[in-house]
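So this one's protein16.tsv, TSV, C-alpha atoms and all ligand atoms:
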```tsv
chain	number	residue	atom	x	y	z
A	1	MET	CA	20.14	-42.18	-15.58
A	2	LYS	CA	20.04	-42.58	-19.36
A	3	LYS	CA	18.30	-39.93	-21.42
A	4	ILE	CA	15.61	-41.02	-23.85
A	5	VAL	CA	16.01	-39.86	-27.47
A	6	LEU	CA	12.99	-40.18	-29.73
A	7	CYS	CA	13.82	-40.39	-33.46
A	8	ILE	CA	10.96	-39.78	-35.90
A	9	ASP	CA	11.58	-40.45	-39.61
A	10	ASP	CA	9.47	-42.08	-42.35
A	11	ILE	CA	12.53	-43.88	-43.84
A	12	LYS	CA	13.36	-46.97	-41.82
A	13	THR	CA	17.09	-47.02	-42.79
A	14	ASN	CA	17.45	-43.43	-41.49
A	15	LEU	CA	16.00	-44.54	-38.19
A	16	PHE	CA	18.32	-47.50	-37.93
A	17	THR	CA	21.34	-45.35	-38.75
A	18	LEU	CA	20.43	-42.86	-36.03
A	19	GLU	CA	19.75	-45.59	-33.54
A	20	SER	CA	22.97	-47.48	-34.19
A	21	VAL	CA	25.15	-44.38	-34.21
A	22	ILE	CA	23.77	-43.12	-30.90
A	23	GLU	CA	23.76	-46.47	-29.16
A	24	SER	CA	27.16	-47.58	-30.38
A	25	VAL	CA	28.95	-44.33	-29.56
A	26	ALA	CA	26.96	-43.12	-26.54
A	27	GLY	CA	24.91	-46.11	-25.46
A	28	ASN	CA	25.87	-45.43	-21.86
A	29	LEU	CA	24.14	-42.04	-22.04
A	30	TYR	CA	21.09	-42.61	-24.22
A	31	ASN	CA	18.24	-44.97	-24.89
A	32	VAL	CA	16.74	-44.58	-28.36
A	33	LEU	CA	13.06	-44.92	-29.26
A	34	ILE	CA	12.05	-44.87	-32.93
A	35	ALA	CA	8.86	-43.89	-34.76
A	36	SER	CA	8.32	-44.15	-38.50
A	37	SER	CA	5.58	-41.48	-38.62
A	38	ALA	CA	4.62	-38.33	-36.76
A	39	SER	CA	1.50	-39.93	-35.32
A	40	GLU	CA	3.50	-42.90	-34.03
A	41	GLY	CA	5.98	-40.45	-32.50
A	42	LEU	CA	3.15	-38.51	-30.82
A	43	SER	CA	1.71	-41.67	-29.33
A	44	ILE	CA	5.16	-42.63	-27.94
A	45	LEU	CA	5.35	-39.16	-26.36
A	46	LEU	CA	2.12	-39.89	-24.52
A	47	ARG	CA	3.51	-43.10	-23.05
A	48	HIS	CA	7.19	-42.32	-22.41
A	49	LYS	CA	9.13	-39.63	-20.68
A	50	VAL	CA	11.16	-38.43	-23.66
A	51	ASP	CA	14.12	-36.08	-23.09
A	52	ILE	CA	14.90	-34.96	-26.66
A	53	ILE	CA	13.51	-35.47	-30.17
A	54	LEU	CA	15.27	-35.89	-33.53
A	55	LEU	CA	12.63	-35.03	-36.12
A	56	ASP	CA	12.60	-35.55	-39.87
A	57	VAL	CA	11.04	-32.75	-41.94
A	58	MET	CA	9.71	-34.51	-44.99
A	59	MET	CA	7.12	-37.09	-44.00
A	60	PRO	CA	3.77	-38.11	-45.53
A	61	GLU	CA	0.53	-37.13	-43.77
A	62	ILE	CA	1.89	-35.09	-40.86
A	63	ASP	CA	5.24	-33.52	-41.75
A	64	GLY	CA	7.96	-32.51	-39.31
A	65	TYR	CA	6.85	-28.87	-39.06
A	66	GLU	CA	3.31	-29.83	-38.20
A	67	ALA	CA	4.48	-32.43	-35.67
A	68	CYS	CA	6.78	-29.85	-34.07
A	69	LYS	CA	3.90	-27.38	-33.66
A	70	MET	CA	1.78	-30.05	-32.04
A	71	ILE	CA	4.52	-31.06	-29.60
A	72	LYS	CA	5.33	-27.45	-28.70
A	73	SER	CA	1.69	-26.54	-28.13
A	74	ASN	CA	1.14	-29.37	-25.66
A	75	LYS	CA	1.78	-28.35	-22.08
A	76	LYS	CA	3.28	-31.75	-21.23
A	77	THR	CA	5.73	-31.90	-24.15
A	78	LYS	CA	6.49	-28.25	-24.92
A	79	ASP	CA	9.80	-28.22	-23.05
A	80	ILE	CA	11.29	-31.22	-24.87
A	81	PRO	CA	14.04	-29.94	-27.22
A	82	ILE	CA	13.45	-30.75	-30.91
A	83	ILE	CA	16.31	-31.06	-33.38
A	84	PHE	CA	15.26	-31.24	-37.02
A	85	VAL	CA	17.16	-33.65	-39.20
A	86	THR	CA	16.78	-32.56	-42.79
A	87	ALA	CA	18.29	-33.18	-46.21
A	88	LYS	CA	17.23	-29.70	-47.34
A	89	LYS	CA	19.80	-26.96	-46.88
A	90	ASN	CA	17.99	-23.84	-48.15
A	91	ASP	CA	17.33	-20.76	-46.04
A	92	GLU	CA	13.55	-21.24	-46.05
A	93	THR	CA	13.89	-24.67	-44.48
A	94	ILE	CA	16.19	-23.40	-41.76
A	95	GLU	CA	13.88	-20.50	-41.06
A	96	GLU	CA	10.84	-22.73	-40.96
A	97	CYS	CA	12.55	-25.15	-38.55
A	98	PHE	CA	12.92	-22.36	-35.99
A	99	SER	CA	9.66	-20.57	-36.67
A	100	VAL	CA	7.58	-23.67	-35.82
A	101	GLY	CA	9.38	-23.88	-32.48
A	102	GLY	CA	12.31	-26.18	-33.28
A	103	ASP	CA	15.41	-25.75	-31.11
A	104	ASP	CA	18.02	-26.67	-33.72
A	105	TYR	CA	18.65	-28.54	-36.99
A	106	ILE	CA	21.30	-30.75	-38.52
A	107	ASN	CA	21.74	-31.79	-42.09
A	108	LYS	CA	21.56	-35.24	-43.58
A	109	PRO	CA	23.83	-37.02	-44.05
A	110	PHE	CA	24.87	-36.10	-40.54
A	111	ASN	CA	28.23	-36.08	-38.87
A	112	HIS	CA	28.22	-38.39	-35.86
A	113	VAL	CA	30.29	-36.12	-33.66
A	114	GLU	CA	28.11	-33.12	-34.50
A	115	LEU	CA	24.91	-35.05	-33.81
A	116	LEU	CA	26.07	-36.19	-30.38
A	117	ALA	CA	27.46	-32.76	-29.51
A	118	ARG	CA	24.11	-31.15	-30.33
A	119	LEU	CA	22.17	-33.72	-28.34
A	120	ALA	CA	24.39	-33.10	-25.32
A	121	PHE	CA	24.24	-29.32	-25.75
A	122	HIS	CA	20.43	-29.16	-25.88
A	123	LEU	CA	20.00	-31.50	-22.95
A	124	LYS	CA	22.35	-29.32	-20.92
A	125	LEU	CA	20.47	-26.19	-21.98
A	126	LYS	CA	17.21	-27.77	-20.94
A	127	GLU	CA	18.71	-28.65	-17.58
A	128	LYS	CA	19.80	-25.04	-17.08
A	129	ASP	CA	16.36	-23.76	-18.07
A	130	LYS	CA	14.86	-26.09	-15.53
A	131	LEU	CA	17.19	-24.82	-12.80
A	132	LEU	CA	16.45	-21.21	-13.74
A	133	GLN	CA	12.74	-21.90	-13.63
A	134	GLN	CA	13.13	-23.56	-10.24
A	135	GLU	CA	15.09	-20.59	-8.91
A	136	LYS	CA	12.40	-18.24	-10.18
A	137	GLU	CA	9.68	-20.30	-8.53
A	138	TYR	CA	11.76	-20.45	-5.36
A	139	ALA	CA	12.13	-16.64	-5.28
A	140	GLN	CA	8.44	-16.15	-6.05
A	141	ASN	CA	7.52	-18.59	-3.27
A	142	ILE	CA	9.61	-16.63	-0.80
A	143	LEU	CA	7.90	-13.40	-1.91
A	144	ASP	CA	4.48	-15.01	-1.65
A	145	LEU	CA	5.18	-16.29	1.84
A	146	GLN	CA	5.65	-12.73	3.11
A	147	ASN	CA	2.75	-11.01	4.84
A	148	ASN	CA	4.11	-7.65	3.69
A	149	MET	CA	3.18	-6.45	0.23
A	150	ILE	CA	6.24	-6.60	-2.02
A	151	LEU	CA	6.76	-5.42	-5.56
A	152	VAL	CA	9.63	-4.88	-7.96
A	153	SER	CA	9.40	-1.72	-10.03
A	154	ASP	CA	11.50	0.40	-12.36
A	155	GLY	CA	9.76	3.46	-10.93
A	156	GLU	CA	7.10	3.60	-13.59
A	157	LYS	CA	5.71	0.13	-13.79
A	158	ALA	CA	5.42	-2.91	-11.54
A	159	ILE	CA	7.63	-5.73	-12.79
A	160	ASN	CA	6.79	-8.30	-10.17
A	161	VAL	CA	4.32	-8.43	-7.29
A	162	ASN	CA	3.75	-10.91	-4.50
A	163	LYS	CA	0.59	-12.68	-3.44
A	164	ALA	CA	-0.05	-10.40	-0.44
A	165	LEU	CA	-0.17	-7.42	-2.78
A	166	LEU	CA	-2.50	-9.11	-5.26
A	167	ASP	CA	-4.75	-10.25	-2.41
A	168	PHE	CA	-4.89	-6.71	-1.01
A	169	PHE	CA	-6.02	-5.26	-4.33
A	170	ASP	CA	-8.20	-8.31	-4.97
A	171	LEU	CA	-6.45	-9.05	-8.28
A	172	LYS	CA	-5.34	-12.32	-9.84
A	173	SER	CA	-2.10	-11.52	-11.67
A	174	LEU	CA	0.72	-9.07	-12.25
A	175	LYS	CA	-0.88	-8.23	-15.61
A	176	GLU	CA	-4.17	-7.28	-13.91
A	177	PHE	CA	-2.25	-5.07	-11.48
A	178	GLN	CA	-0.32	-3.38	-14.32
A	179	ASP	CA	-3.52	-2.80	-16.31
A	180	LYS	CA	-5.38	-1.33	-13.38
A	181	HIS	CA	-2.72	0.60	-11.44
A	182	ARG	CA	0.47	0.47	-13.52
A	183	CYS	CA	2.57	0.90	-10.38
A	184	ILE	CA	1.96	1.18	-6.63
A	185	TYR	CA	2.39	4.98	-6.43
A	186	THR	CA	-0.81	5.57	-8.41
A	187	THR	CA	-2.74	4.13	-5.46
A	188	PHE	CA	-1.34	6.58	-2.85
A	189	ILE	CA	-3.72	9.15	-1.36
A	190	ASN	CA	-2.57	12.74	-1.08
A	191	ASP	CA	-2.99	13.44	2.63
A	192	GLU	CA	-1.07	15.41	5.23
A	193	GLY	CA	1.69	13.39	6.84
A	194	TYR	CA	1.71	10.77	4.10
A	195	PHE	CA	4.11	10.35	1.21
A	196	TYR	CA	2.55	11.14	-2.15
A	197	ASN	CA	4.06	11.07	-5.64
A	198	LYS	CA	2.96	14.10	-7.63
A	199	LYS	CA	5.30	13.51	-10.55
A	200	GLU	CA	4.85	10.60	-12.84
A	201	ASN	CA	7.11	8.69	-15.18
A	202	ASN	CA	10.35	8.64	-13.26
A	203	ASN	CA	11.92	6.92	-10.29
A	204	LEU	CA	12.52	10.11	-8.22
A	205	TRP	CA	9.70	9.15	-5.90
A	206	LEU	CA	11.60	5.96	-5.01
A	207	GLU	CA	14.81	7.90	-4.41
A	208	SER	CA	12.82	10.26	-2.13
A	209	ILE	CA	11.49	7.30	-0.16
A	210	ILE	CA	15.03	5.94	0.24
A	211	ASN	CA	16.29	9.35	1.43
A	212	ILE	CA	13.46	10.05	3.87
A	213	SER	CA	13.72	6.48	5.23
A	214	LEU	CA	17.20	7.31	6.50
A	215	LYS	CA	15.60	9.70	9.01
A	216	GLU	CA	12.11	8.38	9.64
A	217	ASP	CA	9.48	5.89	8.56
A	218	VAL	CA	7.77	6.85	5.32
A	219	LEU	CA	4.02	6.38	5.51
A	220	VAL	CA	1.63	6.01	2.60
A	221	LYS	CA	-2.12	5.84	2.65
A	222	ILE	CA	-4.00	3.61	0.23
A	223	SER	CA	-7.75	3.54	-0.13
A	224	ILE	CA	-9.65	0.49	-1.25
A	225	ASP	CA	-13.40	-0.12	-1.12
A	226	GLU	CA	-13.81	3.14	0.81
A	227	ASN	CA	-11.46	1.90	3.57
A	228	GLU	CA	-8.15	3.62	4.17
A	229	TYR	CA	-5.00	1.68	4.98
A	230	VAL	CA	-1.69	2.99	6.26
A	231	PHE	CA	1.63	1.37	5.31
A	232	ILE	CA	5.30	1.93	6.06
A	233	ILE	CA	6.96	1.90	2.66
A	234	LYS	CA	10.60	0.99	2.06
A	235	ALA	CA	12.55	0.84	-1.18
A	236	THR	CA	15.88	-0.80	-2.03
A	237	PRO	CA	17.70	-0.40	-5.36
A	238	PHE	CA	18.11	-3.70	-7.16
A	239	TYR	CA	20.21	-3.46	-10.34
A	240	SER	CA	18.28	-0.87	-12.39
A	241	GLN	CA	15.09	-1.61	-10.47
A	242	TYR	CA	13.76	-1.28	-6.94
A	243	ILE	CA	12.36	-3.73	-4.45
A	244	ILE	CA	9.52	-2.06	-2.55
A	245	THR	CA	7.95	-3.39	0.64
A	246	LEU	CA	4.79	-2.12	2.29
A	247	THR	CA	4.04	-3.04	5.90
A	248	ASP	CA	0.45	-2.57	6.99
A	249	ILE	CA	0.28	-0.44	10.15
A	250	THR	CA	-3.34	0.66	9.75
A	251	HIS	CA	-4.24	-0.87	13.07
A	252	ILE	CA	-1.32	0.69	14.95
A	253	SER	CA	-1.77	4.11	13.37
A	254	GLN	CA	-5.46	4.03	14.28
A	255	GLN	CA	-4.48	3.32	17.87
A	256	THR	CA	-1.96	6.16	17.83
A	257	LEU	CA	-4.67	8.50	16.56
A	258	GLU	CA	-6.96	7.33	19.35
A	259	TYR	CA	-4.26	7.93	21.96
A	260	LYS	CA	-3.64	11.36	20.49
A	261	HIS	CA	-7.35	12.11	20.66
A	262	GLU	CA	-7.52	10.92	24.23
A	263	ALA	CA	-4.56	13.12	25.15
A	264	ASN	CA	-6.00	16.25	23.54
A	265	TYR	CA	-9.75	16.07	23.97
A	266	ASP	CA	-12.06	15.97	26.92
A	267	SER	CA	-13.72	12.56	26.95
A	268	LEU	CA	-17.05	13.84	28.27
A	269	THR	CA	-17.65	16.86	26.07
A	270	GLY	CA	-15.44	16.11	23.07
A	271	ILE	CA	-13.90	19.61	23.13
A	272	TYR	CA	-10.22	20.36	23.87
A	273	ASN	CA	-9.03	19.41	27.32
A	274	ARG	CA	-6.81	21.53	29.54
A	275	ASN	CA	-3.59	19.91	28.23
A	276	MET	CA	-4.43	20.80	24.69
A	277	PHE	CA	-5.57	24.25	25.75
A	278	HIS	CA	-2.16	24.91	27.29
A	279	ARG	CA	-0.40	23.91	24.11
A	280	LEU	CA	-2.68	26.04	21.94
A	281	ILE	CA	-2.58	29.11	24.19
A	282	ASP	CA	1.24	28.91	24.47
A	283	ARG	CA	1.45	29.02	20.71
A	284	LYS	CA	-1.13	31.80	20.57
A	285	ILE	CA	0.77	33.94	23.05
A	286	THR	CA	4.03	33.41	21.14
A	287	ILE	CA	2.41	34.54	17.90
A	288	ALA	CA	0.64	37.47	19.58
A	289	LYS	CA	3.99	38.64	20.98
A	290	ALA	CA	5.81	38.24	17.69
A	291	GLU	CA	3.12	39.97	15.66
A	292	LYS	CA	2.26	42.52	18.39
A	293	LYS	CA	-1.35	41.46	18.29
A	294	SER	CA	-4.00	41.04	20.90
A	295	PHE	CA	-6.78	38.54	21.56
A	296	ILE	CA	-9.69	38.09	23.91
A	297	PHE	CA	-9.52	35.58	26.72
A	298	ILE	CA	-12.74	34.45	28.40
A	299	MET	CA	-13.39	32.19	31.35
A	300	MET	CA	-16.94	31.02	31.88
A	301	ASP	CA	-18.61	28.94	34.52
A	302	ILE	CA	-22.03	27.34	34.85
A	303	ASP	CA	-24.02	28.98	37.66
A	304	PHE	CA	-25.09	26.76	40.56
A	305	PHE	CA	-23.76	23.64	38.86
A	306	LYS	CA	-23.19	21.91	42.19
A	307	LYS	CA	-26.88	22.34	43.01
A	308	ILE	CA	-27.85	20.77	39.67
A	309	ASN	CA	-25.65	17.77	40.39
A	310	ASP	CA	-26.98	17.44	43.93
A	311	LYS	CA	-30.58	17.73	42.88
A	312	TYR	CA	-30.64	15.71	39.64
A	313	GLY	CA	-27.54	13.53	39.88
A	314	HIS	CA	-24.25	13.52	38.00
A	315	LEU	CA	-25.63	11.94	34.84
A	316	VAL	CA	-27.92	14.94	34.36
A	317	GLY	CA	-24.98	17.21	35.14
A	318	ASP	CA	-22.94	15.43	32.47
A	319	ASP	CA	-25.74	15.95	29.93
A	320	ILE	CA	-25.63	19.68	30.66
A	321	LEU	CA	-21.86	19.83	30.17
A	322	ARG	CA	-22.22	18.02	26.85
A	323	GLY	CA	-25.18	20.09	25.65
A	324	LEU	CA	-23.55	23.35	26.67
A	325	SER	CA	-20.26	22.43	24.93
A	326	LYS	CA	-22.11	21.57	21.75
A	327	LEU	CA	-24.04	24.85	21.85
A	328	ILE	CA	-20.91	26.97	22.28
A	329	LYS	CA	-18.95	24.93	19.75
A	330	ASN	CA	-21.65	25.77	17.22
A	331	HIS	CA	-21.04	29.46	17.83
A	332	THR	CA	-17.27	29.41	17.51
A	333	ARG	CA	-14.98	29.12	14.52
A	334	ASP	CA	-12.00	26.80	13.99
A	335	SER	CA	-9.60	29.67	14.70
A	336	ASP	CA	-11.15	30.24	18.13
A	337	ILE	CA	-10.02	28.12	21.05
A	338	PHE	CA	-12.71	26.56	23.18
A	339	ALA	CA	-11.68	24.14	25.92
A	340	ARG	CA	-12.85	22.62	29.17
A	341	TRP	CA	-10.77	24.09	31.96
A	342	GLY	CA	-12.09	21.61	34.50
A	343	GLY	CA	-15.38	20.83	36.26
A	344	GLU	CA	-18.01	23.26	34.99
A	345	GLU	CA	-15.46	25.83	33.91
A	346	PHE	CA	-14.56	26.63	30.30
A	347	VAL	CA	-12.08	28.90	28.51
A	348	LEU	CA	-12.35	30.64	25.16
A	349	THR	CA	-10.21	32.88	22.98
A	350	PHE	CA	-11.29	35.10	20.10
A	351	ASP	CA	-9.23	37.18	17.70
A	352	VAL	CA	-11.39	40.30	18.03
A	353	SER	CA	-11.35	43.70	19.70
A	354	PHE	CA	-12.18	44.07	23.38
A	355	GLU	CA	-15.63	45.54	22.65
A	356	LYS	CA	-16.40	42.75	20.25
A	357	GLY	CA	-15.19	40.23	22.83
A	358	ILE	CA	-17.68	41.55	25.39
A	359	GLU	CA	-20.38	41.39	22.74
A	360	ILE	CA	-19.56	37.76	21.90
A	361	ALA	CA	-19.57	36.79	25.59
A	362	ASN	CA	-22.97	38.40	26.01
A	363	SER	CA	-24.45	36.65	23.02
A	364	LEU	CA	-23.11	33.29	24.25
A	365	ARG	CA	-24.64	34.06	27.64
A	366	LYS	CA	-28.00	34.63	25.94
A	367	TYR	CA	-27.79	31.50	23.77
A	368	ILE	CA	-27.19	29.46	26.92
A	369	LYS	CA	-29.98	31.12	28.87
A	370	ASN	CA	-32.47	30.54	26.04
A	371	LYS	CA	-31.62	26.87	25.60
A	372	LYS	CA	-33.96	24.35	27.18
A	373	PHE	CA	-32.06	21.42	28.69
A	374	ASP	CA	-33.85	18.13	29.39
A	375	ILE	CA	-35.03	17.70	33.00
A	376	VAL	CA	-33.28	20.83	34.30
A	377	GLY	CA	-34.79	23.34	31.90
A	378	SER	CA	-32.74	26.50	31.53
A	379	ILE	CA	-29.37	27.29	33.07
A	380	THR	CA	-27.17	30.37	33.19
A	381	CYS	CA	-23.45	31.06	32.97
A	382	SER	CA	-21.12	33.78	34.23
A	383	PHE	CA	-18.31	35.22	32.08
A	384	GLY	CA	-15.00	36.89	32.87
A	385	VAL	CA	-13.45	38.68	29.92
A	386	THR	CA	-9.96	40.08	29.55
A	387	GLU	CA	-7.63	41.06	26.74
A	388	PHE	CA	-4.10	39.86	26.03
A	389	LYS	CA	-1.62	42.69	26.43
A	390	GLN	CA	2.03	42.71	25.37
A	391	GLY	CA	4.12	41.33	28.20
A	392	ASP	CA	1.33	39.07	29.44
A	393	THR	CA	2.03	35.50	30.43
A	394	LEU	CA	-0.52	32.74	30.57
A	395	LYS	CA	-0.46	33.02	34.34
A	396	ASN	CA	-1.41	36.69	34.57
A	397	ILE	CA	-3.97	36.63	31.78
A	398	THR	CA	-5.63	33.64	33.47
A	399	LYS	CA	-5.53	35.46	36.79
A	400	ARG	CA	-7.30	38.52	35.30
A	401	ALA	CA	-9.99	36.44	33.57
A	402	ASP	CA	-10.54	34.58	36.82
A	403	GLU	CA	-10.93	37.87	38.69
A	404	ALA	CA	-13.46	39.06	36.11
A	405	LEU	CA	-15.36	35.79	36.47
A	406	TYR	CA	-15.33	36.16	40.24
A	407	LYS	CA	-16.77	39.63	39.82
A	408	ALA	CA	-19.57	38.25	37.64
A	409	LYS	CA	-20.38	35.60	40.25
A	410	GLU	CA	-20.27	38.06	43.14
A	411	SER	CA	-22.44	40.62	41.40
A	412	GLY	CA	-25.29	38.16	40.81
A	413	ARG	CA	-24.24	35.64	38.10
A	414	ASP	CA	-25.66	35.32	34.56
A	415	ARG	CA	-23.54	38.23	33.44
A	416	VAL	CA	-20.34	39.29	31.69
A	417	CYS	CA	-17.66	41.12	33.65
A	418	GLN	CA	-14.30	42.41	32.52
A	419	VAL	CA	-10.88	43.14	33.99
A	501	MG	MG	11.53	-38.13	-44.74
```
How would this structure read if it were set down as structure tokens?
Amino acid sequence: MKKIVLCIDDIKTNLFTLESVIESVAGNLYNVLIASSASEGLSILLRHKVDIILLDVMMPEIDGYEACKMIKSNKKTKDIPIIFVTAKKNDETIEECFSVGGDDYINKPFNHVELLARLAFHLKLKEKDKLLQQEKEYAQNILDLQNNMILVSDGEKAINVNKALLDFFDLKSLKEFQDKHRCIYTTFINDEGYFYNKKENNNLWLESIINISLKEDVLVKISIDENEYVFIIKATPFYSQYIITLTDITHISQQTLEYKHEANYDSLTGIYNRNMFHRLIDRKITIAKAEKKSFIFIMMDIDFFKKINDKYGHLVGDDILRGLSKLIKNHTRDSDIFARWGGEEFVLTFDVSFEKGIEIANSLRKYIKNKKFDIVGSITCSFGVTEFKQGDTLKNITKRADEALYKAKESGRDRVCQV
């Protein structure tokens, strides 16, 4: 397909020379349109798909510079290459030709070979630009099609971002993202188990992500509108930059947390279950052995709980278990262990002396006795207290506490006994 060359010059003979040279030498490649003023040229541009423009500088009314600015500022015509054809040879003219957006210039009188070579060169350049632009759009489209958030960064600043990322942050453009966050790491929350970049202004954080990723998934937490999101982050070096992908696993990680909670906590009372108690007490015994320390171990049991269930039903019994757990929880610290052993039986540990342990058990006993439960009124509990001694295993310390509890039950309940 022939390319269309638009020649704009106020001197008719110049136009005819251009036209005849181009059509006689390269008529198989080009069709020539001519305009004897800038305004005529502009109106041709509106009607025809012009591929390249040869533009005279000196013209009455609108000169070549002005015409060039107008063509280059119009979205539809800005990519058409403009070659100035000028009789002036001074530096200012050359400078001006380029500063108004011209792509090249040739001098009058022109050399035919040079004119055709420049036409061909600029058309080829334009073609390459077009291909490059298409490739860029193609790459951006691929990025935008991904559900994962993707960005390109040099470690300090985002250089490209995809649509998923902009949508997540509710932003419209890369510029908005750069202005607000600079790079993705500024949005990470410092939380246990999540990657966080303390240092700024280098790409070490990306190298860390790459290194950790060799062993395990790297998680980051990002907060937006008071909601927290969890992502797996991956980074790949790309020339002197990095391609970073973030996969949203908020939903999955929430589920994992729920499973973990289910595995460790008693669903009725919300306190630790027996599984979790075993893990915690194992660790406690290990530490107590290593540090030659002691701790208090208490087993407690609700008195006549079976009668409560029989008389008022299991729902009332459940309310008592919940209320009692809450009451005791309020009187223990985070360092104490408090767990449901099973049924109406509970276990506790305290890092205190034996005397103090008895004292604590007695005050818990009183708190329980003084509490008024709905429907049932007051209840009582029995306590068996023992102390961890070097050489103890979980089995024998449990056995002693159980014996002490049995003693409390046998000797009339609502009391604290020790072994
Ligand atoms: Mg002229």
Interatomic distance, CA of Glu127 (chain A) to CA of Ser173 (chain A) (Å, one decimal):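 If I compute the distance from CA of Glu127 (chain A) to CA of Ser173 (chain A), I get 27.6 Å.
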Assuming 4 Å of padding per side, give the centre and edge lengths of the axis-aligned box around every listed atom of region 313-328 of chain A, in Å to one decimal and as JSON.
```
{"center_x": -24.1, "center_y": 19.5, "center_z": 30.8, "size_x": 15.7, "size_y": 23.0, "size_z": 26.1}
```
What lies within 9 Å of Thr247 (chain A) using all atoms listed in the file, ignoring chain neighbours under 3 positions off, as a ChimeraX atom specification? /A:147-150,230-234
Counting all atoms listed in the file, find residues at most 9 Å from (13.9, -26.2, -28.7) (file frame) and give them as a PyMOL selection string. chain A and resi 72+78-83+98+101-104+122+126
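Candidate residues A:Ile328, A:Val32, A:Val100, A:Ile271 were compared for distance to Asp63 (chain A), and the nearest is A:Val100, using all atoms listed in the file.
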At most 12 Å from ligand MG 501 (chain A) (all atoms listed in the file): residue list as a PyMOL selection string: chain A and resi 7-15+35-38+55-65+84-88+108
What would the list of residues within 10 Å of (6.8, -41.7, -26.2) (file frame) look like as a compact mmCIF listing (two decimals) with C-alpha atoms, keeping the file's coordinate frame, if only C-alpha atoms are what count?
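Output (selection_7.txt):
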```
# COMPACT_ATOMS: atom_id res chain seq x y z
CA ILE A 4 15.61 -41.02 -23.85
CA VAL A 5 16.01 -39.86 -27.47
CA LEU A 6 12.99 -40.18 -29.73
CA LEU A 33 13.06 -44.92 -29.26
CA ILE A 34 12.05 -44.87 -32.93
CA ALA A 35 8.86 -43.89 -34.76
CA GLU A 40 3.50 -42.90 -34.03
CA GLY A 41 5.98 -40.45 -32.50
CA LEU A 42 3.15 -38.51 -30.82
CA SER A 43 1.71 -41.67 -29.33
CA ILE A 44 5.16 -42.63 -27.94
CA LEU A 45 5.35 -39.16 -26.36
CA LEU A 46 2.12 -39.89 -24.52
CA ARG A 47 3.51 -43.10 -23.05
CA HIS A 48 7.19 -42.32 -22.41
CA LYS A 49 9.13 -39.63 -20.68
CA VAL A 50 11.16 -38.43 -23.66
CA ASP A 51 14.12 -36.08 -23.09
CA ILE A 53 13.51 -35.47 -30.17
```
Selected residue, from A:Asn107, A:Asn396, A:Ser378, A:Gln146, that lies nearest to Ile302 (chain A) when counting all atoms listed in the file: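 Of the candidates, the smallest distance to Ile302 (chain A) is held by A:Ser378.
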Distance in Å - CA of Ala158 (chain A) versus CA of Glu207 (chain A):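 Interatomic distance, CA of Ala158 (chain A) to CA of Glu207 (chain A): 16.0 Å.
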Report the distance between CA of Leu151 (chain A) and CA of Ser223 (chain A) in Å, rounded to one decimal place.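 Computing the Euclidean distance for CA of Leu151 (chain A) and CA of Ser223 (chain A) yields 17.9 Å.
Proximity ranking of A:Asp179, A:Glu355, A:Asp414, A:Asp91 relative to Thr386 (chain A) places A:Glu355 first, based on only C-alpha atoms.
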If we count all atoms listed in the file and set the cut-off at 8 Å, which residues sit around Tyr30 (chain A), ignoring sequence neighbours fewer than 2 positions away in its own chain? Please answer as a list of chain:residue names.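 Final neighbour list, sorted by chain and number: A:Lys2, A:Lys3, A:Ile4, A:Val5, A:Ile22, A:Glu23, A:Ala26, A:Gly27, A:Asn28, A:Val32.
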Among listed residues A:Leu257, A:Ala263, A:Ile212, A:Val21, nearest Phe277 (chain A) (using all atoms listed in the file): A:Ala263
Non-local contacts of Ile285 (chain A) (12 Å; all atoms listed in the file; under 6 positions in same chain excluded) as a PyMOL selection string: chain A and resi 277-279+291-297+349+351+387-395+397
Of the candidates A:Met300, A:Phe354, A:Val376, A:Ile224, which shows the shortest atom-to-atom distance to Asp167 (chain A), using only C-alpha atoms?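 Residue with the minimum atom-to-atom distance to Asp167 (chain A): A:Ile224.
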Have region 248-254 of chain A completed to N, CA and C atoms, please, and pass it along as a PDB file, in the coordinates of the input.
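Result file out-v4.pdb:
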```pdb
ATOM      1  N   ASP A 248       1.744  -3.122   6.567  1.00  0.00           N
ATOM      2  CA  ASP A 248       0.450  -2.570   6.990  1.00  0.00           C
ATOM      3  C   ASP A 248       0.504  -2.173   8.471  1.00  0.00           C
ATOM      4  N   ILE A 249       0.318  -0.880   8.748  1.00  0.00           N
ATOM      5  CA  ILE A 249       0.280  -0.440  10.150  1.00  0.00           C
ATOM      6  C   ILE A 249      -1.029   0.301  10.422  1.00  0.00           C
ATOM      7  N   THR A 250      -2.038   0.007   9.604  1.00  0.00           N
ATOM      8  CA  THR A 250      -3.340   0.660   9.750  1.00  0.00           C
ATOM      9  C   THR A 250      -3.836   0.590  11.186  1.00  0.00           C
ATOM     10  N   HIS A 251      -3.737  -0.624  11.732  1.00  0.00           N
ATOM     11  CA  HIS A 251      -4.240  -0.870  13.070  1.00  0.00           C
ATOM     12  C   HIS A 251      -3.493  -0.021  14.109  1.00  0.00           C
ATOM     13  N   ILE A 252      -2.155  -0.049  13.998  1.00  0.00           N
ATOM     14  CA  ILE A 252      -1.320   0.690  14.950  1.00  0.00           C
ATOM     15  C   ILE A 252      -1.544   2.182  14.810  1.00  0.00           C
ATOM     16  N   SER A 253      -1.629   2.669  13.555  1.00  0.00           N
ATOM     17  CA  SER A 253      -1.770   4.110  13.370  1.00  0.00           C
ATOM     18  C   SER A 253      -3.133   4.582  13.875  1.00  0.00           C
ATOM     19  N   GLN A 254      -4.140   3.698  13.757  1.00  0.00           N
ATOM     20  CA  GLN A 254      -5.460   4.030  14.280  1.00  0.00           C
ATOM     21  C   GLN A 254      -5.383   4.189  15.796  1.00  0.00           C
TER      22      GLN A 254
END
```
